[in-house]
file query_4.cif (mmCIF, C-alpha atoms)
data_data
#
loop_
_atom_site.label_atom_id
_atom_site.label_comp_id
_atom_site.auth_asym_id
_atom_site.auth_seq_id
_atom_site.Cartn_x
_atom_site.Cartn_y
_atom_site.Cartn_z
CA MET V 1 -77.17 18.88 15.30
CA ILE V 2 -74.39 20.15 13.04
CA THR V 3 -72.81 22.05 15.95
CA VAL V 4 -72.90 18.91 18.08
CA GLU V 5 -71.18 16.85 15.37
CA LEU V 6 -68.49 19.48 14.82
CA ARG V 7 -67.85 19.69 18.56
CA LYS V 8 -67.56 15.90 18.77
CA LEU V 9 -65.14 16.00 15.84
CA VAL V 10 -62.68 18.45 17.38
CA LEU V 11 -62.85 16.90 20.85
CA ARG V 12 -62.00 13.35 19.78
CA PRO V 13 -58.32 12.54 20.45
CA ARG V 14 -58.20 10.00 17.60
CA ILE V 15 -59.05 12.73 15.11
CA TRP V 16 -55.98 14.67 16.13
CA VAL V 17 -53.85 11.52 16.14
CA ASN V 18 -54.94 10.94 12.51
CA ILE V 19 -54.04 14.51 11.59
CA LEU V 20 -50.72 14.32 13.42
CA LEU V 21 -49.78 11.19 11.48
CA LEU V 22 -50.77 12.86 8.21
CA CYS V 23 -48.52 15.83 9.01
CA ALA V 24 -45.66 13.60 10.13
CA LEU V 25 -45.10 11.88 6.79
CA PRO V 26 -44.24 15.03 4.77
CA ILE V 27 -42.07 16.30 7.62
CA ILE V 28 -40.09 13.05 7.69
CA VAL V 29 -39.67 13.14 3.91
CA GLY V 30 -38.58 16.78 4.12
CA VAL V 31 -35.90 15.97 6.69
CA PHE V 32 -34.54 13.17 4.49
CA LEU V 33 -34.54 15.50 1.47
CA LYS V 34 -32.63 18.10 3.44
CA THR V 35 -29.99 15.65 4.61
CA ALA V 36 -29.59 13.98 1.21
CA ASP V 37 -26.95 15.17 -1.23
CA PHE V 38 -29.36 15.18 -4.16
CA ALA V 39 -33.02 15.67 -4.96
CA PRO V 40 -35.16 12.91 -6.54
CA PRO V 41 -34.97 13.02 -10.36
CA PRO V 42 -37.97 14.70 -12.03
CA GLY V 43 -40.83 12.23 -12.28
CA GLN V 44 -39.62 10.13 -9.35
CA GLY V 45 -40.44 10.24 -5.65
CA GLY V 46 -43.74 12.09 -5.97
CA ALA V 47 -44.87 15.31 -7.60
CA PHE V 48 -42.83 18.46 -6.82
CA LEU V 49 -40.21 16.69 -4.67
CA SER V 50 -37.50 17.30 -7.27
CA ALA V 51 -38.17 21.08 -7.05
CA VAL V 52 -38.63 21.37 -3.28
CA ARG V 53 -34.92 21.63 -2.49
CA GLY V 54 -34.79 24.82 -4.52
CA ASN V 55 -37.96 26.37 -3.09
CA GLY V 56 -39.64 25.39 0.17
CA LEU V 57 -42.84 27.16 -0.91
CA LEU V 58 -43.55 24.14 -3.11
CA PHE V 59 -43.39 21.75 -0.17
CA PRO V 60 -47.16 21.99 0.60
CA ALA V 61 -47.92 20.76 -2.92
CA ALA V 62 -45.40 17.94 -2.48
CA ALA V 63 -46.98 17.11 0.89
CA LEU V 64 -50.44 16.82 -0.67
CA ALA V 65 -49.02 14.48 -3.31
CA LEU V 66 -47.50 12.34 -0.55
CA VAL V 67 -50.62 11.94 1.61
CA LEU V 68 -53.28 11.72 -1.09
CA PRO V 69 -52.84 8.24 -2.57
CA ILE V 70 -53.09 6.29 0.72
CA PHE V 71 -52.87 8.13 4.01
CA LEU V 72 -55.52 10.81 3.55
CA PRO V 73 -58.10 8.33 2.11
CA LEU V 74 -57.27 5.99 5.01
CA SER V 75 -58.13 8.72 7.51
CA VAL V 76 -61.30 9.60 5.60
CA ALA V 77 -62.33 5.94 5.54
CA VAL V 78 -61.91 5.67 9.32
CA VAL V 79 -63.91 8.84 10.02
CA ALA V 80 -66.65 8.06 7.48
CA GLY V 81 -66.92 4.44 8.59
CA ASP V 82 -67.42 5.58 12.17
CA SER V 83 -70.11 8.13 11.29
CA ILE V 84 -73.20 5.94 11.73
CA ALA V 85 -71.73 2.60 12.76
CA GLY V 86 -69.90 4.27 15.63
CA GLU V 87 -73.18 5.59 17.01
CA ALA V 88 -74.65 2.10 16.74
CA VAL V 89 -71.67 0.55 18.55
CA GLY V 90 -71.92 3.14 21.31
CA GLY V 91 -75.66 2.55 21.65
CA THR V 92 -76.43 6.21 20.93
CA LEU V 93 -77.94 5.92 17.44
CA ARG V 94 -81.39 4.92 18.67
CA TYR V 95 -81.45 7.75 21.20
CA LEU V 96 -80.33 10.26 18.58
CA LEU V 97 -83.22 9.29 16.33
CA ILE V 98 -85.75 9.29 19.18
CA ARG V 99 -85.07 12.99 19.56
CA PRO V 100 -86.69 15.29 16.98
CA VAL V 101 -83.63 15.15 14.76
CA GLY V 102 -84.68 13.12 11.76
CA ARG V 103 -82.55 10.73 9.78
CA THR V 104 -81.97 13.18 6.95
CA ARG V 105 -80.68 15.83 9.34
CA LEU V 106 -78.46 13.26 11.03
CA LEU V 107 -76.89 12.19 7.74
CA THR V 108 -76.48 15.80 6.66
CA ALA V 109 -74.72 16.64 9.92
CA LYS V 110 -72.46 13.62 9.52
CA ILE V 111 -71.35 14.51 6.00
CA ILE V 112 -70.78 18.14 7.02
CA ALA V 113 -68.60 16.89 9.88
CA LEU V 114 -66.74 14.74 7.35
CA VAL V 115 -66.15 17.78 5.14
CA ALA V 116 -64.89 19.65 8.20
CA PHE V 117 -62.47 16.84 8.99
CA VAL V 118 -61.09 16.80 5.44
CA LEU V 119 -60.65 20.58 5.45
CA LEU V 120 -59.00 20.49 8.89
CA ALA V 121 -56.66 17.65 7.93
CA ILE V 122 -55.59 19.25 4.65
CA ALA V 123 -55.15 22.66 6.29
CA CYS V 124 -52.89 21.15 8.95
CA VAL V 125 -50.83 19.30 6.33
CA VAL V 126 -50.45 22.42 4.19
CA VAL V 127 -49.57 24.77 7.06
CA SER V 128 -47.13 22.37 8.75
CA SER V 129 -45.42 21.49 5.46
CA LEU V 130 -45.17 25.17 4.51
CA VAL V 131 -43.46 26.01 7.79
CA VAL V 132 -41.14 23.01 7.54
CA GLY V 133 -40.45 23.65 3.85
CA VAL V 134 -39.44 27.26 4.41
CA ILE V 135 -37.30 26.33 7.42
CA LEU V 136 -35.51 23.50 5.62
CA PHE V 137 -35.29 24.82 2.06
CA GLY V 138 -35.99 28.54 2.25
CA ALA V 139 -38.45 30.55 0.18
CA GLY V 140 -36.48 30.41 -3.06
CA THR V 141 -33.76 32.60 -4.47
CA SER V 142 -33.55 34.96 -7.37
CA ALA V 143 -33.52 32.94 -10.55
CA ALA V 144 -31.51 33.69 -13.66
CA GLY V 145 -33.10 36.06 -16.07
CA GLY V 146 -34.47 38.39 -13.44
CA ALA V 147 -37.17 36.20 -11.91
CA ALA V 148 -38.47 37.54 -8.63
CA ALA V 149 -37.00 36.20 -5.43
CA GLY V 150 -39.11 33.40 -4.04
CA ALA V 151 -40.78 32.68 -7.38
CA ALA V 152 -41.74 29.04 -7.85
CA THR V 153 -41.73 27.15 -11.11
CA SER V 154 -44.78 25.39 -12.54
CA LEU V 155 -44.63 21.88 -13.99
CA SER V 156 -44.45 23.52 -17.40
CA GLY V 157 -41.34 25.49 -16.43
CA ILE V 158 -43.14 28.84 -16.03
CA SER V 159 -42.30 31.04 -13.04
CA LEU V 160 -45.15 31.57 -10.59
CA THR V 161 -45.43 34.52 -8.24
CA HIS V 162 -46.39 33.98 -4.62
CA THR V 163 -49.95 35.02 -5.44
CA GLN V 164 -50.22 32.63 -8.38
CA LEU V 165 -48.76 29.81 -6.32
CA THR V 166 -51.22 30.48 -3.49
CA VAL V 167 -54.23 30.59 -5.82
CA ARG V 168 -53.25 27.34 -7.51
CA LEU V 169 -52.64 25.69 -4.17
CA LEU V 170 -56.11 26.78 -3.01
CA TYR V 171 -57.63 25.37 -6.20
CA SER V 172 -55.80 22.12 -5.54
CA ILE V 173 -57.05 21.96 -1.97
CA GLY V 174 -60.62 22.50 -3.16
CA TYR V 175 -60.26 19.72 -5.72
CA ILE V 176 -58.80 17.28 -3.18
CA VAL V 177 -61.60 18.08 -0.71
CA VAL V 178 -64.19 17.21 -3.36
CA ALA V 179 -62.34 13.99 -4.20
CA MET V 180 -62.21 12.95 -0.54
CA ILE V 181 -65.90 13.74 -0.01
CA GLY V 182 -66.71 11.51 -2.97
CA PHE V 183 -64.76 8.71 -1.32
CA GLY V 184 -66.15 9.60 2.10
CA ALA V 185 -69.71 9.23 0.78
CA ILE V 186 -68.88 5.60 0.01
CA GLY V 187 -67.67 5.10 3.58
CA LEU V 188 -70.76 6.84 4.95
CA PHE V 189 -73.01 4.50 2.96
CA LEU V 190 -71.13 1.44 4.22
CA SER V 191 -71.45 2.81 7.74
CA THR V 192 -75.25 2.58 7.42
CA LEU V 193 -75.02 -1.10 6.42
CA THR V 194 -73.23 -2.36 9.52
CA SER V 195 -72.89 -1.70 13.21
CA SER V 196 -69.11 -2.17 13.00
CA SER V 197 -67.02 0.96 12.43
CA LEU V 198 -64.03 -1.20 11.57
CA GLY V 199 -66.07 -3.19 9.05
CA ALA V 200 -67.27 -0.01 7.30
CA ALA V 201 -63.75 1.43 7.21
CA LEU V 202 -62.29 -1.81 5.86
CA GLY V 203 -65.02 -1.94 3.23
CA ALA V 204 -64.11 1.55 2.05
CA LEU V 205 -60.42 0.63 2.00
CA SER V 206 -61.21 -2.48 -0.03
CA ILE V 207 -62.90 -0.29 -2.62
CA LEU V 208 -59.88 2.04 -2.57
CA ILE V 209 -57.42 -0.80 -3.13
CA THR V 210 -59.59 -2.41 -5.82
CA SER V 211 -59.88 0.89 -7.67
CA ALA V 212 -56.12 1.48 -7.47
CA VAL V 213 -55.38 -2.02 -8.80
CA LEU V 214 -57.88 -1.74 -11.65
CA GLN V 215 -56.27 1.54 -12.70
CA THR V 216 -53.10 -0.35 -13.54
CA LEU V 217 -54.80 -3.01 -15.69
CA ASP V 218 -55.23 -2.48 -19.41
CA ALA V 219 -58.11 -4.97 -19.32
CA ALA V 220 -60.01 -2.54 -17.07
CA ALA V 221 -59.65 0.40 -19.45
CA ALA V 222 -63.41 0.49 -20.08
CA VAL V 223 -64.24 1.13 -16.41
CA ARG V 224 -61.16 3.20 -15.51
CA PRO V 225 -62.83 6.62 -16.08
CA TYR V 226 -65.49 5.66 -13.53
CA LEU V 227 -63.20 4.45 -10.76
CA PRO V 228 -63.24 6.67 -7.65
CA THR V 229 -59.45 7.08 -7.66
CA ASP V 230 -58.98 7.70 -11.38
CA TYR V 231 -58.82 11.50 -11.34
CA TRP V 232 -57.50 12.02 -7.80
CA LEU V 233 -54.11 13.26 -8.98
CA SER V 234 -55.58 15.62 -11.57
CA TRP V 235 -55.12 18.49 -9.08
CA VAL V 236 -51.50 18.53 -10.25
CA ASP V 237 -52.78 20.00 -13.52
CA PHE V 238 -53.41 23.27 -11.67
CA PHE V 239 -49.63 23.68 -11.69
CA ARG V 240 -49.31 23.50 -15.48
CA ASP V 241 -49.42 26.34 -17.99
CA PRO V 242 -51.98 26.49 -19.30
CA ILE V 243 -54.02 24.61 -16.69
CA PHE V 244 -55.29 21.27 -18.02
CA TRP V 245 -58.98 21.66 -17.26
CA ASP V 246 -60.19 18.53 -19.04
CA SER V 247 -59.15 16.01 -16.38
CA ILE V 248 -60.05 18.43 -13.58
CA ASP V 249 -63.60 18.88 -14.89
CA LYS V 250 -64.06 15.14 -15.38
CA GLY V 251 -62.77 14.47 -11.88
CA LEU V 252 -65.13 16.99 -10.29
CA LEU V 253 -68.09 15.60 -12.22
CA LEU V 254 -67.21 12.02 -11.25
CA GLN V 255 -66.89 12.86 -7.54
CA ALA V 256 -70.16 14.80 -7.62
CA GLY V 257 -71.76 11.64 -9.00
CA TYR V 258 -70.30 9.54 -6.19
CA VAL V 259 -71.56 11.99 -3.58
CA ALA V 260 -75.06 12.03 -5.07
CA VAL V 261 -75.31 8.26 -5.52
CA PHE V 262 -73.83 7.10 -2.24
CA PHE V 263 -75.27 9.83 -0.05
CA GLY V 264 -78.64 9.03 -1.60
CA ALA V 265 -78.06 5.32 -0.96
CA ALA V 266 -77.05 6.03 2.64
CA TRP V 267 -80.21 8.09 3.15
CA ALA V 268 -82.43 5.43 1.55
CA ASN V 269 -80.91 2.68 3.69
CA LEU V 270 -81.02 4.61 6.96
CA ALA V 271 -84.53 5.89 6.30
CA THR V 272 -85.91 2.37 5.99
CA LYS V 273 -83.67 0.63 8.50
CA ASP V 274 -84.91 -0.65 11.85
CA ILE V 275 -82.65 0.85 14.51
CA THR V 276 -82.13 -1.52 17.41
CA SER V 277 -78.93 -0.14 18.90
#
call {"tool": "encode", "arguments": {"input": "query_4.cif", "output": "structure tokens"}}
result
Amino acid sequence: MITVELRKLVLRPRIWVNILLLCALPIIVGVFLKTADFAPPPGQGGAFLSAVRGNGLLFPAAALALVLPIFLPLSVAVVAGDSIAGEAVGGTLRYLLIRPVGRTRLLTAKIIALVAFVLLAIACVVVSSLVVGVILFGAGTSAAGGAAAGAATSLSGISLTHTQLTVRLLYSIGYIVVAMIGFGAIGLFLSTLTSSSLGAALGALSILITSAVLQTLDAAAAVRPYLPTDYWLSWVDFFRDPIFWDSIDKGLLLQAGYVAVFFGAAWANLATKDITS
């Protein structure tokens, strides 16, 4: 079942269109940065963009900061919303469950396919932005004071070797994957409530927008630590010295809670639901 879902994932043209659009945004921003006479001031234009002109090795981190707030969650919402509802729309859900698959195995295969999509999308964004970053901005130059050629600088102003930069980028990717799976679990649950893929995706996006708006309101301070988007940007703390683990740990714990609650809710709903399509 898992193999079937993974094969369906990689063979769907719309999956690759989603990934292509995700990769296109950082590339467009990189071209504008290259042609501009100045870099964005620190703290403006997204994380790491002010440092990218001096070292293209930081462009993957800047690319992740660009796609995370809206475009990556949008893609996850579309894929998650289509997980169960798409089978219902296509009339294949009933036939899937007639076979000796089981609803638990079906849901498990769907969420594994969702994880695979998130990993594939992020990997494509990182690799494409790394290639474009090095081509446009180079791999860094020797810094004053004897820093090694190609060394990047952390958000705390500490030089990072290629190995340190790679490790922190991998940590960041892992954190973002967990965050997107937490959000994807919400979309998967909504997908079990309706036979409309679009309806499930729009429901997930409504939750995304509501969470983002509440984050900006002082009146919502009491619920802010529990909003799905609250700790999404905490991956940036991997690029500080020392690493700020407090927000990272809270973010991982929160997303684990979302996965447990909404995957459990999706299973409970699908297990008791009459399948007519």
call {"tool": "resolve_selection", "arguments": {"input": "query_4.cif", "expression": "the PyMOL selection byres ((chain V and resi 23) around 8)", "output": "VMD selection string"}}
result
chain V and resid 19 to 22 24 to 27 124 to 125 128 to 129
call {"tool": "resolve_selection", "arguments": {"input": "query_4.cif", "expression": "the PyMOL selection byres ((chain V and resi 245-253) around 9)", "output": "ChimeraX atom specification"}}
result
/V:175,178-179,225,228,230-232,234-235,237-238,242-244,254-258
call {"tool": "resolve_selection", "arguments": {"input": "query_4.cif", "expression": "the PyMOL selection byres ((chain V and resi 180) around 10)", "output": "number ranges by chain"}}
result
V: 68, 72-73, 75-77, 114-115, 118-119, 175-179, 181-186, 228-229, 232, 255, 259
call {"tool": "residues_near_point", "arguments": {"input": "query_4.cif", "point": "(-78.1, 9.9, 1.5)", "cutoff": "10 Å", "atoms": "only C-alpha atoms", "output": "NGL selection string"}}
result
:V and (103-104 or 107-108 or 111 or 185 or 188-189 or 192 or 259-271)
call {"tool": "atom_distance", "arguments": {"input": "query_4.cif", "atom1": "CA of Phe137 (chain V)", "atom2": "CA of Ala62 (chain V)"}}
result
13.0 Å
call {"tool": "residues_around", "arguments": {"input": "query_4.cif", "residues": "region 8-14 of chain V", "least_positions_apart": "4", "cutoff": "9 Å", "atoms": "all atoms listed in the file", "output": "PyMOL selection string"}}
result
chain V and resi 3-4+18-19+113-114+116-117
call {"tool": "write_last_selection", "arguments": {"input": "query_4.cif", "atoms": "C-alpha atoms", "output": "PDB file, in the frame of the given file"}}
result
ATOM      1  CA  THR V   3     -72.810  22.050  15.950  1.00  0.00           C
ATOM      2  CA  VAL V   4     -72.900  18.910  18.080  1.00  0.00           C
ATOM      3  CA  ASN V  18     -54.940  10.940  12.510  1.00  0.00           C
ATOM      4  CA  ILE V  19     -54.040  14.510  11.590  1.00  0.00           C
ATOM      5  CA  ALA V 113     -68.600  16.890   9.880  1.00  0.00           C
ATOM      6  CA  LEU V 114     -66.740  14.740   7.350  1.00  0.00           C
ATOM      7  CA  ALA V 116     -64.890  19.650   8.200  1.00  0.00           C
ATOM      8  CA  PHE V 117     -62.470  16.840   8.990  1.00  0.00           C
TER       9      PHE V 117
END
call {"tool": "atom_distance", "arguments": {"input": "query_4.cif", "atom1": "CA of Pro69 (chain V)", "atom2": "CA of Ala204 (chain V)"}}
result
13.9 Å
call {"tool": "closest_residue", "arguments": {"input": "query_4.cif", "among": "V:Ile112, V:Thr194, V:Pro60, V:Leu6", "to": "Ala85 (chain V)", "atoms": "only C-alpha atoms"}}
result
V:Thr194
call {"tool": "atom_distance", "arguments": {"input": "query_4.cif", "atom1": "CA of Ile207 (chain V)", "atom2": "CA of Leu49 (chain V)"}}
result
28.4 Å
call {"tool": "closest_residue", "arguments": {"input": "query_4.cif", "among": "V:Gly187, V:Gly138, V:Ala65, V:Ile28", "to": "Val79 (chain V)", "atoms": "only C-alpha atoms"}}
result
V:Gly187
call {"tool": "closest_residue", "arguments": {"input": "query_4.cif", "among": "V:Leu217, V:Ile84, V:Val127, V:Leu227", "to": "Leu57 (chain V)", "atoms": "all atoms listed in the file"}}
result
V:Val127
call {"tool": "residues_around", "arguments": {"input": "query_4.cif", "residues": "Val78 (chain V)", "least_positions_apart": "5", "cutoff": "8 Å", "atoms": "only C-alpha atoms", "output": "PyMOL selection string"}}
result
chain V and resi 197-198+201
call {"tool": "closest_residue", "arguments": {"input": "query_4.cif", "among": "V:Phe48, V:Arg53, V:Ile70, V:Gly86", "to": "Ala36 (chain V)", "atoms": "only C-alpha atoms"}}
result
V:Arg53
call {"tool": "closest_residue", "arguments": {"input": "query_4.cif", "among": "V:Val236, V:Trp16, V:Ser211, V:Ile135", "to": "Arg224 (chain V)", "atoms": "all atoms listed in the file"}}
result
V:Ser211
call {"tool": "closest_residue", "arguments": {"input": "query_4.cif", "among": "V:Val52, V:Leu130, V:Leu120, V:Leu136", "to": "Thr35 (chain V)", "atoms": "only C-alpha atoms"}}
result
V:Leu136
call {"tool": "decode", "arguments": {"input": "query_4.cif", "residues": "region 221-232 of chain V", "atoms": "all heavy atoms", "output": "mmCIF file, in the first residue's frame"}}
result
data_model
loop_
_atom_site.group_PDB
_atom_site.id
_atom_site.type_symbol
_atom_site.label_atom_id
_atom_site.label_comp_id
_atom_site.auth_asym_id
_atom_site.auth_seq_id
_atom_site.Cartn_x
_atom_site.Cartn_y
_atom_site.Cartn_z
ATOM 1 N N ALA V 221 -2.755 36.508 22.932
ATOM 2 C CA ALA V 221 -1.489 36.065 23.524
ATOM 3 C C ALA V 221 -1.635 34.750 24.286
ATOM 4 O O ALA V 221 -0.714 33.933 24.324
ATOM 5 C CB ALA V 221 -0.929 37.143 24.447
ATOM 6 N N ALA V 222 -2.810 34.530 24.883
ATOM 7 C CA ALA V 222 -3.008 33.324 25.688
ATOM 8 C C ALA V 222 -2.992 32.056 24.834
ATOM 9 O O ALA V 222 -2.564 30.990 25.299
ATOM 10 C CB ALA V 222 -4.320 33.426 26.460
ATOM 11 N N VAL V 223 -3.451 32.153 23.589
ATOM 12 C CA VAL V 223 -3.522 30.959 22.730
ATOM 13 C C VAL V 223 -2.361 30.897 21.748
ATOM 14 O O VAL V 223 -2.190 29.883 21.064
ATOM 15 C CB VAL V 223 -4.854 30.920 21.954
ATOM 16 C CG1 VAL V 223 -6.032 30.872 22.913
ATOM 17 C CG2 VAL V 223 -4.980 32.113 21.009
ATOM 18 N N ARG V 224 -1.574 31.948 21.664
ATOM 19 C CA ARG V 224 -0.487 32.005 20.669
ATOM 20 C C ARG V 224 0.462 30.815 20.752
ATOM 21 O O ARG V 224 0.853 30.264 19.710
ATOM 22 C CB ARG V 224 0.273 33.322 20.805
ATOM 23 C CG ARG V 224 1.270 33.580 19.674
ATOM 24 C CD ARG V 224 1.927 34.934 19.855
ATOM 25 N NE ARG V 224 0.932 36.001 19.828
ATOM 26 C CZ ARG V 224 1.046 37.128 20.514
ATOM 27 N NH1 ARG V 224 2.103 37.332 21.297
ATOM 28 N NH2 ARG V 224 0.114 38.056 20.425
ATOM 29 N N PRO V 225 0.889 30.363 21.939
ATOM 30 C CA PRO V 225 1.824 29.228 21.986
ATOM 31 C C PRO V 225 1.244 27.921 21.467
ATOM 32 O O PRO V 225 1.993 26.962 21.266
ATOM 33 C CB PRO V 225 2.152 29.113 23.486
ATOM 34 C CG PRO V 225 1.814 30.443 24.065
ATOM 35 C CD PRO V 225 0.650 30.929 23.281
ATOM 36 N N TYR V 226 -0.069 27.873 21.237
ATOM 37 C CA TYR V 226 -0.704 26.644 20.776
ATOM 38 C C TYR V 226 -1.137 26.721 19.315
ATOM 39 O O TYR V 226 -1.695 25.758 18.791
ATOM 40 C CB TYR V 226 -1.922 26.332 21.657
ATOM 41 C CG TYR V 226 -1.595 26.348 23.128
ATOM 42 C CD1 TYR V 226 -1.969 27.429 23.926
ATOM 43 C CD2 TYR V 226 -0.899 25.300 23.719
ATOM 44 C CE1 TYR V 226 -1.650 27.462 25.280
ATOM 45 C CE2 TYR V 226 -0.576 25.322 25.063
ATOM 46 C CZ TYR V 226 -0.959 26.407 25.835
ATOM 47 O OH TYR V 226 -0.632 26.436 27.171
ATOM 48 N N LEU V 227 -0.878 27.835 18.669
ATOM 49 C CA LEU V 227 -1.234 27.982 17.263
ATOM 50 C C LEU V 227 -0.282 27.167 16.392
ATOM 51 O O LEU V 227 0.920 27.099 16.671
ATOM 52 C CB LEU V 227 -1.179 29.455 16.854
ATOM 53 C CG LEU V 227 -2.163 30.391 17.563
ATOM 54 C CD1 LEU V 227 -1.888 31.848 17.171
ATOM 55 C CD2 LEU V 227 -3.601 30.013 17.235
ATOM 56 N N PRO V 228 -0.779 26.536 15.337
ATOM 57 C CA PRO V 228 0.089 25.670 14.525
ATOM 58 C C PRO V 228 1.259 26.387 13.876
ATOM 59 O O PRO V 228 2.300 25.784 13.627
ATOM 60 C CB PRO V 228 -0.879 25.109 13.465
ATOM 61 C CG PRO V 228 -2.049 26.020 13.467
ATOM 62 C CD PRO V 228 -2.166 26.552 14.854
ATOM 63 N N THR V 229 1.112 27.696 13.624
ATOM 64 C CA THR V 229 2.177 28.435 12.938
ATOM 65 C C THR V 229 3.140 29.142 13.890
ATOM 66 O O THR V 229 4.111 29.752 13.432
ATOM 67 C CB THR V 229 1.566 29.495 12.001
ATOM 68 O OG1 THR V 229 0.783 30.410 12.790
ATOM 69 C CG2 THR V 229 0.680 28.857 10.956
ATOM 70 N N ASP V 230 2.912 29.058 15.186
ATOM 71 C CA ASP V 230 3.632 29.915 16.122
ATOM 72 C C ASP V 230 5.142 29.684 16.104
ATOM 73 O O ASP V 230 5.915 30.629 16.165
ATOM 74 C CB ASP V 230 3.101 29.724 17.542
ATOM 75 C CG ASP V 230 3.683 30.745 18.509
ATOM 76 O OD1 ASP V 230 3.623 31.946 18.192
ATOM 77 O OD2 ASP V 230 4.208 30.347 19.557
ATOM 78 N N TYR V 231 5.569 28.450 16.023
ATOM 79 C CA TYR V 231 7.005 28.148 16.110
ATOM 80 C C TYR V 231 7.600 27.749 14.747
ATOM 81 O O TYR V 231 8.713 27.230 14.708
ATOM 82 C CB TYR V 231 7.242 27.015 17.109
ATOM 83 C CG TYR V 231 6.923 27.390 18.541
ATOM 84 C CD1 TYR V 231 5.737 26.959 19.140
ATOM 85 C CD2 TYR V 231 7.794 28.168 19.290
ATOM 86 C CE1 TYR V 231 5.439 27.299 20.463
ATOM 87 C CE2 TYR V 231 7.506 28.509 20.605
ATOM 88 C CZ TYR V 231 6.324 28.071 21.179
ATOM 89 O OH TYR V 231 6.031 28.410 22.483
ATOM 90 N N TRP V 232 6.890 28.013 13.669
ATOM 91 C CA TRP V 232 7.386 27.574 12.368
ATOM 92 C C TRP V 232 8.748 28.166 12.033
ATOM 93 O O TRP V 232 9.593 27.489 11.447
ATOM 94 C CB TRP V 232 6.384 27.954 11.271
ATOM 95 C CG TRP V 232 5.284 26.948 11.122
ATOM 96 C CD1 TRP V 232 5.054 25.856 11.912
ATOM 97 C CD2 TRP V 232 4.264 26.928 10.119
ATOM 98 N NE1 TRP V 232 3.949 25.167 11.470
ATOM 99 C CE2 TRP V 232 3.446 25.799 10.374
ATOM 100 C CE3 TRP V 232 3.956 27.762 9.051
ATOM 101 C CZ2 TRP V 232 2.345 25.477 9.584
ATOM 102 C CZ3 TRP V 232 2.855 27.446 8.261
ATOM 103 C CH2 TRP V 232 2.063 26.315 8.526
#
